[in-house]
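Q: So that you have it, the file is upload.tsv, and it contains TSV, C-alpha atoms:
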```tsv
chain	number	residue	atom	x	y	z
A	123	MET	CA	-104.44	-96.43	193.25
A	124	GLN	CA	-107.62	-95.24	194.95
A	125	ILE	CA	-109.23	-96.88	197.93
A	126	SER	CA	-112.90	-97.75	198.11
A	127	ARG	CA	-115.40	-95.39	199.71
A	128	PHE	CA	-116.10	-98.02	202.38
A	129	THR	CA	-112.40	-98.25	203.30
A	130	GLN	CA	-112.09	-94.46	203.33
A	131	THR	CA	-115.10	-94.21	205.68
A	132	ARG	CA	-113.57	-96.83	207.99
A	133	LEU	CA	-110.27	-94.94	208.04
A	134	THR	CA	-112.04	-91.67	208.84
A	135	ILE	CA	-113.96	-93.27	211.71
A	136	PHE	CA	-110.78	-94.90	213.02
A	137	GLU	CA	-108.82	-91.63	212.76
A	138	ARG	CA	-111.50	-89.64	214.59
A	139	THR	CA	-111.86	-92.30	217.28
A	140	LEU	CA	-108.09	-92.33	217.81
A	141	GLY	CA	-108.07	-88.52	218.07
A	142	TRP	CA	-110.92	-88.56	220.57
A	143	LEU	CA	-109.18	-91.22	222.68
A	144	ASP	CA	-105.93	-89.22	222.66
A	145	HIS	CA	-107.82	-86.11	223.70
A	146	ALA	CA	-109.68	-87.94	226.50
A	147	SER	CA	-106.47	-89.55	227.71
A	148	ALA	CA	-104.65	-86.21	227.84
A	149	LYS	CA	-107.44	-84.76	230.00
A	150	LYS	CA	-107.45	-87.73	232.37
A	151	GLN	CA	-103.74	-87.81	233.18
A	152	PRO	CA	-100.99	-85.22	232.90
A	153	ALA	CA	-98.62	-85.45	229.95
A	154	ARG	CA	-95.57	-87.55	230.68
A	155	GLN	CA	-93.90	-86.78	227.40
A	156	ALA	CA	-92.20	-83.68	226.11
A	157	VAL	CA	-94.47	-81.56	223.92
A	158	HIS	CA	-92.29	-82.02	220.82
A	159	LEU	CA	-92.48	-85.83	221.18
A	160	THR	CA	-96.26	-85.70	221.49
A	161	THR	CA	-96.42	-83.47	218.40
A	162	GLY	CA	-94.20	-85.92	216.51
A	163	LEU	CA	-96.38	-88.91	217.38
A	164	ARG	CA	-99.49	-86.97	216.44
A	165	GLY	CA	-97.87	-86.16	213.07
A	166	GLU	CA	-96.97	-89.80	212.45
A	167	ASP	CA	-100.56	-90.84	213.14
A	168	ALA	CA	-101.88	-88.14	210.80
A	169	ALA	CA	-99.36	-89.10	208.09
A	170	TYR	CA	-100.38	-92.76	208.40
A	171	PHE	CA	-104.02	-91.92	207.68
A	172	HIS	CA	-103.13	-89.46	204.92
A	173	LEU	CA	-100.93	-91.98	203.12
A	174	ARG	CA	-103.61	-94.65	203.46
A	175	GLN	CA	-106.06	-92.28	201.77
A	176	LEU	CA	-103.52	-91.78	198.97
A	177	GLY	CA	-103.50	-95.54	198.43
A	178	TYR	CA	-100.37	-96.62	200.30
A	179	THR	CA	-100.46	-99.97	202.07
A	180	ILE	CA	-98.61	-99.43	205.35
A	181	VAL	CA	-96.88	-102.57	206.61
A	182	ALA	CA	-94.88	-101.21	209.56
A	183	ARG	CA	-94.90	-98.26	211.94
A	184	ARG	CA	-91.91	-97.18	214.02
A	185	TRP	CA	-89.90	-100.16	212.75
A	186	ARG	CA	-86.70	-100.90	214.68
A	187	SER	CA	-83.84	-103.25	214.07
A	188	PRO	CA	-82.16	-104.98	217.00
A	189	LYS	CA	-78.83	-104.39	215.23
A	190	LEU	CA	-79.13	-100.65	214.61
A	191	ARG	CA	-80.07	-97.47	216.48
A	192	GLY	CA	-83.09	-95.47	215.40
A	193	ASP	CA	-86.35	-96.33	213.71
A	194	ILE	CA	-88.23	-95.90	210.46
A	195	ASP	CA	-91.47	-94.02	211.00
A	196	LEU	CA	-93.52	-95.81	208.33
A	197	ILE	CA	-92.87	-98.54	205.79
A	198	GLY	CA	-95.40	-99.13	203.07
A	199	TRP	CA	-96.12	-100.06	199.49
A	200	ASP	CA	-97.10	-97.46	196.91
A	201	GLY	CA	-97.97	-99.65	193.97
A	202	GLU	CA	-94.85	-101.67	193.21
A	203	TRP	CA	-92.57	-99.44	195.30
A	204	LEU	CA	-91.53	-100.33	198.83
A	205	CYS	CA	-91.37	-96.94	200.55
A	206	PHE	CA	-89.41	-96.05	203.66
A	207	ILE	CA	-91.13	-92.97	204.98
A	208	GLU	CA	-89.71	-90.38	207.35
A	209	VAL	CA	-92.32	-88.10	208.94
A	210	LYS	CA	-91.39	-84.63	210.16
A	211	THR	CA	-93.96	-82.64	212.11
A	212	ARG	CA	-94.16	-78.98	213.04
A	213	SER	CA	-96.86	-77.04	214.85
A	214	SER	CA	-96.54	-74.18	212.36
A	215	ARG	CA	-94.81	-73.13	209.14
A	216	SER	CA	-93.18	-70.07	210.70
A	217	PHE	CA	-89.65	-71.51	210.72
A	218	GLN	CA	-87.76	-73.63	208.23
A	219	PRO	CA	-89.65	-76.38	206.37
A	220	ALA	CA	-89.99	-79.65	208.28
A	221	GLU	CA	-88.33	-81.73	205.54
A	222	VAL	CA	-85.06	-79.82	206.05
A	223	ALA	CA	-84.60	-81.84	209.26
A	224	VAL	CA	-83.89	-84.95	207.16
A	225	ASP	CA	-80.21	-84.12	206.96
A	226	HIS	CA	-77.22	-86.19	205.79
A	227	ALA	CA	-76.91	-88.11	209.07
A	228	LYS	CA	-80.63	-88.94	209.13
A	229	ARG	CA	-80.57	-90.11	205.48
A	230	LYS	CA	-77.55	-92.29	206.22
A	231	MET	CA	-79.31	-93.89	209.20
A	232	LEU	CA	-82.48	-94.47	207.15
A	233	ARG	CA	-80.47	-96.13	204.36
A	234	TRP	CA	-78.82	-98.52	206.85
A	235	MET	CA	-82.19	-99.35	208.41
A	236	ALA	CA	-83.76	-99.89	204.97
A	237	LYS	CA	-80.93	-102.20	203.88
A	238	ASN	CA	-81.45	-104.21	207.05
A	239	TYR	CA	-85.22	-104.42	206.43
A	240	VAL	CA	-84.91	-105.32	202.73
A	241	GLY	CA	-82.23	-107.90	203.48
A	242	ASN	CA	-84.82	-109.93	205.40
A	243	LEU	CA	-87.24	-110.10	202.44
A	244	LYS	CA	-87.47	-112.72	199.73
A	245	ASP	CA	-85.61	-111.74	196.56
A	246	PRO	CA	-84.55	-108.27	197.78
A	247	GLU	CA	-82.77	-107.34	194.53
A	248	ARG	CA	-86.07	-107.31	192.63
A	249	ILE	CA	-87.89	-104.93	194.98
A	250	PRO	CA	-87.89	-101.28	193.89
A	251	VAL	CA	-87.23	-99.10	196.93
A	252	ARG	CA	-88.01	-95.44	197.47
A	253	PHE	CA	-87.38	-93.02	200.34
A	254	ASP	CA	-90.25	-90.60	200.96
A	255	VAL	CA	-90.50	-87.70	203.38
A	256	VAL	CA	-93.83	-86.45	204.70
A	257	SER	CA	-93.97	-83.00	206.27
A	258	VAL	CA	-96.93	-82.50	208.59
A	259	TYR	CA	-97.98	-79.09	209.88
A	260	PHE	CA	-100.64	-78.27	212.48
A	261	PRO	CA	-101.11	-74.50	212.01
A	262	ASP	CA	-104.73	-74.43	213.21
A	263	GLY	CA	-105.07	-77.86	214.75
A	264	ARG	CA	-105.92	-79.63	211.49
A	265	PRO	CA	-103.03	-81.33	209.70
A	266	GLU	CA	-101.59	-80.10	206.41
A	267	PHE	CA	-99.31	-82.41	204.42
A	268	GLU	CA	-96.51	-82.26	201.91
A	269	VAL	CA	-95.40	-85.63	200.52
A	270	PHE	CA	-92.00	-85.84	198.84
A	271	CYS	CA	-91.87	-89.12	196.90
A	272	GLY	CA	-88.31	-90.23	196.17
A	273	ALA	CA	-86.88	-87.49	198.39
A	274	PHE	CA	-83.45	-89.15	198.29
A	275	ASP	CA	-81.88	-92.37	197.01
A	276	TRP	CA	-79.49	-95.09	198.17
A	277	LYS	CA	-76.36	-92.94	197.59
```
Now, as a test, write the supplied structure out as structure tokens.
A:
Amino acid sequence: MQISRFTQTRLTIFERTLGWLDHASAKKQPARQAVHLTTGLRGEDAAYFHLRQLGYTIVARRWRSPKLRGDIDLIGWDGEWLCFIEVKTRSSRSFQPAEVAVDHAKRKMLRWMAKNYVGNLKDPERIPVRFDVVSVYFPDGRPEFEVFCGAFDWK
């Protein structure tokens, strides 16, 4: 599913404006967050725009359940699939791949969160669900992406 040129232009303008505002804000006041957290949020923002350009319809960002610990970075539709998307960000590719950080414990937490989210939808048994992982790298300041559709399943 491709998005229209108009929508893509709007997304590009929005992404650049958000980047400019982040940059201006960082200059105005000192960082109050750890560098790795800032990098992670920057990666989630970049992944959001990248997935939108791929045709995903994002319906939630940093979704939390009052019953469970943790959050789901992005939730969106890719065609008929409801995708629960974990974003992993690294400033370079010099160490292990970012997607390796989605270990057994993280997958288990994401499955519980997804079950909680899907349980609140109408007719949850008929919704095809997929778990995707997006690795974002900032080697030279510009993001590079690897999208792993169906990275793991319910088991």
Q: As a compact mmCIF listing (two decimals) with C-alpha atoms, in the frame of the given file, please: the residues near Val256 of chain A (cut-off 12 Å, all atoms listed in the file, same-chain neighbours under 4 positions excluded).
A:
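The resulting file, out_0.txt, is reproduced below:
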```txt
# COMPACT_ATOMS: atom_id res chain seq x y z
CA GLY A 162 -94.20 -85.92 216.51
CA GLY A 165 -97.87 -86.16 213.07
CA GLU A 166 -96.97 -89.80 212.45
CA ASP A 167 -100.56 -90.84 213.14
CA ALA A 168 -101.88 -88.14 210.80
CA ALA A 169 -99.36 -89.10 208.09
CA TYR A 170 -100.38 -92.76 208.40
CA PHE A 171 -104.02 -91.92 207.68
CA HIS A 172 -103.13 -89.46 204.92
CA LEU A 173 -100.93 -91.98 203.12
CA ASP A 195 -91.47 -94.02 211.00
CA LEU A 196 -93.52 -95.81 208.33
CA CYS A 205 -91.37 -96.94 200.55
CA PHE A 206 -89.41 -96.05 203.66
CA ILE A 207 -91.13 -92.97 204.98
CA GLU A 208 -89.71 -90.38 207.35
CA VAL A 209 -92.32 -88.10 208.94
CA LYS A 210 -91.39 -84.63 210.16
CA THR A 211 -93.96 -82.64 212.11
CA ARG A 212 -94.16 -78.98 213.04
CA PRO A 219 -89.65 -76.38 206.37
CA ALA A 220 -89.99 -79.65 208.28
CA GLU A 221 -88.33 -81.73 205.54
CA VAL A 222 -85.06 -79.82 206.05
CA ALA A 223 -84.60 -81.84 209.26
CA VAL A 224 -83.89 -84.95 207.16
CA PRO A 265 -103.03 -81.33 209.70
CA GLU A 266 -101.59 -80.10 206.41
CA PHE A 267 -99.31 -82.41 204.42
CA GLU A 268 -96.51 -82.26 201.91
CA VAL A 269 -95.40 -85.63 200.52
CA PHE A 270 -92.00 -85.84 198.84
CA CYS A 271 -91.87 -89.12 196.90
CA GLY A 272 -88.31 -90.23 196.17
CA ALA A 273 -86.88 -87.49 198.39
```
Q: Just the number, please: distance in Å from atom CA of Arg229 of chain A to atom CA of Phe274 of chain A, one decimal.
A: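 The value is 7.8 Å.
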Q: Could you state the separation of atom CA of Leu163 of chain A and atom CA of Lys228 of chain A in Å, given to one decimal place?
A: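 Between atom CA of Leu163 of chain A and atom CA of Lys228 of chain A the gap works out to 17.8 Å.
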Q: Please, what distance in Å, to one decimal, runs between atom CA of Thr161 of chain A and atom CA of Ser257 of chain A?
A: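 Between atom CA of Thr161 of chain A and atom CA of Ser257 of chain A the gap works out to 12.4 Å.
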Q: Nearest to Asn242 of chain A among A:Thr160, A:Thr179, A:Gln130, A:Ser187, with distances taken over only C-alpha atoms: which residue is it?
A: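 Among A:Thr160, A:Thr179, A:Gln130, A:Ser187, it is A:Ser187 that comes nearest to Asn242 of chain A.
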Q: Using all atoms listed in the file, find the one residue out of A:Ile249, A:Ile125, A:Ala236, A:Ala227 that sits nearest to Gln175 of chain A.
A: A:Ile125
Q: Pick from A:Lys277, A:His226, A:Arg164, A:Lys237: nearest to Leu190 of chain A, with all atoms listed in the file counted?
A: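 Nearest candidate to Leu190 of chain A out of A:Lys277, A:His226, A:Arg164, A:Lys237: A:Lys237.
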Q: Please provide the set of residues having any atom within 7 Å of Pro261 of chain A, restricted to all atoms listed in the file, with same-chain residues fewer than 2 positions apart removed, written as a ChimeraX atom specification.
A: /A:213-214,259,263
Q: Between A:Ile197, A:Leu159, A:Val181, A:Ile135, which has the minimum distance to Val251 of chain A (counting only C-alpha atoms)?
A: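 Under the stated criterion, the closest residue is A:Ile197.
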Q: What's around Asn238 of chain A at 12 Å? Count all atoms listed in the file, leave out sequence neighbours fewer than 3 positions away in its own chain, and write the answer as a list in words.
A: Trp185, Arg186, Ser187, Pro188, Lys189, Leu190, Arg191, Asp193, Ile194, Phe206, Met231, Leu232, Arg233, Trp234, Met235, Gly241, Asn242, Leu243 and Pro246 of chain A
Q: Which one is closest to Ser216 of chain A: A:Phe260, A:Glu137, A:Ser126, A:Tyr239? Count all atoms listed in the file.
A: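 Ranking A:Phe260, A:Glu137, A:Ser126, A:Tyr239 by distance to Ser216 of chain A, first place goes to A:Phe260.
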Q: Would you mind telling me which residue in A:Leu176, A:Asp225, A:Val258, A:Arg264 lies nearest to Arg138 of chain A when using only C-alpha atoms?
A: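 Selected residue with least distance to Arg138 of chain A: A:Arg264.
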Q: Write a file for segment 159-247 of chain A, containing C-alpha atoms (output as a CSV table (one decimal), in the first residue's frame).
A:
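Final output, out.csv:
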```csv
chain,number,residue,atom,x,y,z
A,159,LEU,CA,17.0,7.5,26.3
A,160,THR,CA,17.2,10.5,24.0
A,161,THR,CA,18.6,8.3,21.2
A,162,GLY,CA,15.8,5.8,21.8
A,163,LEU,CA,13.1,8.5,21.5
A,164,ARG,CA,14.7,9.9,18.4
A,165,GLY,CA,14.7,6.3,16.9
A,166,GLU,CA,11.0,5.8,17.7
A,167,ASP,CA,10.2,9.1,16.0
A,168,ALA,CA,12.2,8.2,12.9
A,169,ALA,CA,10.7,4.7,12.8
A,170,TYR,CA,7.2,6.2,13.0
A,171,PHE,CA,7.8,8.3,9.9
A,172,HIS,CA,9.5,5.5,8.1
A,173,LEU,CA,6.7,3.1,8.7
A,174,ARG,CA,4.2,5.7,7.6
A,175,GLN,CA,6.1,6.1,4.3
A,176,LEU,CA,5.9,2.3,3.9
A,177,GLY,CA,2.1,2.5,4.2
A,178,TYR,CA,1.5,1.6,7.8
A,179,THR,CA,-1.3,3.3,9.7
A,180,ILE,CA,0.0,4.0,13.2
A,181,VAL,CA,-2.8,4.0,15.8
A,182,ALA,CA,-0.7,4.2,19.0
A,183,ARG,CA,2.7,5.3,20.2
A,184,ARG,CA,4.2,4.2,23.5
A,185,TRP,CA,1.1,2.4,24.5
A,186,ARG,CA,0.8,1.4,28.1
A,187,SER,CA,-1.6,-0.8,30.0
A,188,PRO,CA,-2.6,0.1,33.6
A,189,LYS,CA,-2.4,-3.6,34.4
A,190,LEU,CA,1.1,-4.4,33.1
A,191,ARG,CA,4.6,-2.9,33.2
A,192,GLY,CA,6.3,-1.7,30.1
A,193,ASP,CA,5.0,-0.2,26.8
A,194,ILE,CA,4.7,-1.0,23.2
A,195,ASP,CA,6.6,1.5,21.1
A,196,LEU,CA,4.2,1.5,18.1
A,197,ILE,CA,1.0,-0.2,17.2
A,198,GLY,CA,-0.3,0.1,13.6
A,199,TRP,CA,-2.0,-1.6,10.7
A,200,ASP,CA,-0.1,-2.9,7.7
A,201,GLY,CA,-2.9,-3.9,5.4
A,202,GLU,CA,-5.1,-6.4,7.3
A,203,TRP,CA,-2.4,-7.0,9.9
A,204,LEU,CA,-2.4,-5.4,13.3
A,205,CYS,CA,1.3,-4.9,14.1
A,206,PHE,CA,2.9,-4.5,17.5
A,207,ILE,CA,6.2,-2.9,16.7
A,208,GLU,CA,9.3,-2.8,18.9
A,209,VAL,CA,11.9,-0.2,17.9
A,210,LYS,CA,15.5,-0.6,18.8
A,211,THR,CA,17.9,2.3,18.2
A,212,ARG,CA,21.7,2.4,18.0
A,213,SER,CA,24.0,5.3,17.2
A,214,SER,CA,26.2,3.0,15.1
A,215,ARG,CA,26.4,-0.5,13.7
A,216,SER,CA,29.8,-1.2,15.4
A,217,PHE,CA,28.4,-3.6,18.0
A,218,GLN,CA,25.8,-6.3,17.9
A,219,PRO,CA,22.6,-5.6,15.8
A,220,ALA,CA,19.9,-3.6,17.5
A,221,GLU,CA,17.2,-6.3,17.0
A,222,VAL,CA,19.2,-8.7,19.2
A,223,ALA,CA,18.0,-6.7,22.2
A,224,VAL,CA,14.5,-8.1,21.7
A,225,ASP,CA,15.3,-11.1,23.9
A,226,HIS,CA,13.0,-13.8,25.4
A,227,ALA,CA,11.9,-11.6,28.3
A,228,LYS,CA,11.1,-8.6,26.0
A,229,ARG,CA,9.1,-10.8,23.6
A,230,LYS,CA,7.2,-12.3,26.6
A,231,MET,CA,6.3,-8.8,27.8
A,232,LEU,CA,5.3,-7.7,24.3
A,233,ARG,CA,3.0,-10.7,24.0
A,234,TRP,CA,1.3,-10.0,27.3
A,235,MET,CA,0.8,-6.3,26.3
A,236,ALA,CA,-0.5,-7.3,22.9
A,237,LYS,CA,-3.0,-9.7,24.4
A,238,ASN,CA,-4.2,-7.0,26.7
A,239,TYR,CA,-4.6,-4.5,23.8
A,240,VAL,CA,-6.3,-7.0,21.5
A,241,GLY,CA,-8.6,-8.1,24.3
A,242,ASN,CA,-10.2,-4.6,24.3
A,243,LEU,CA,-11.0,-4.7,20.6
A,244,LYS,CA,-14.2,-5.9,18.9
A,245,ASP,CA,-14.0,-9.5,17.7
A,246,PRO,CA,-10.4,-10.0,18.7
A,247,GLU,CA,-10.2,-13.6,17.3
```
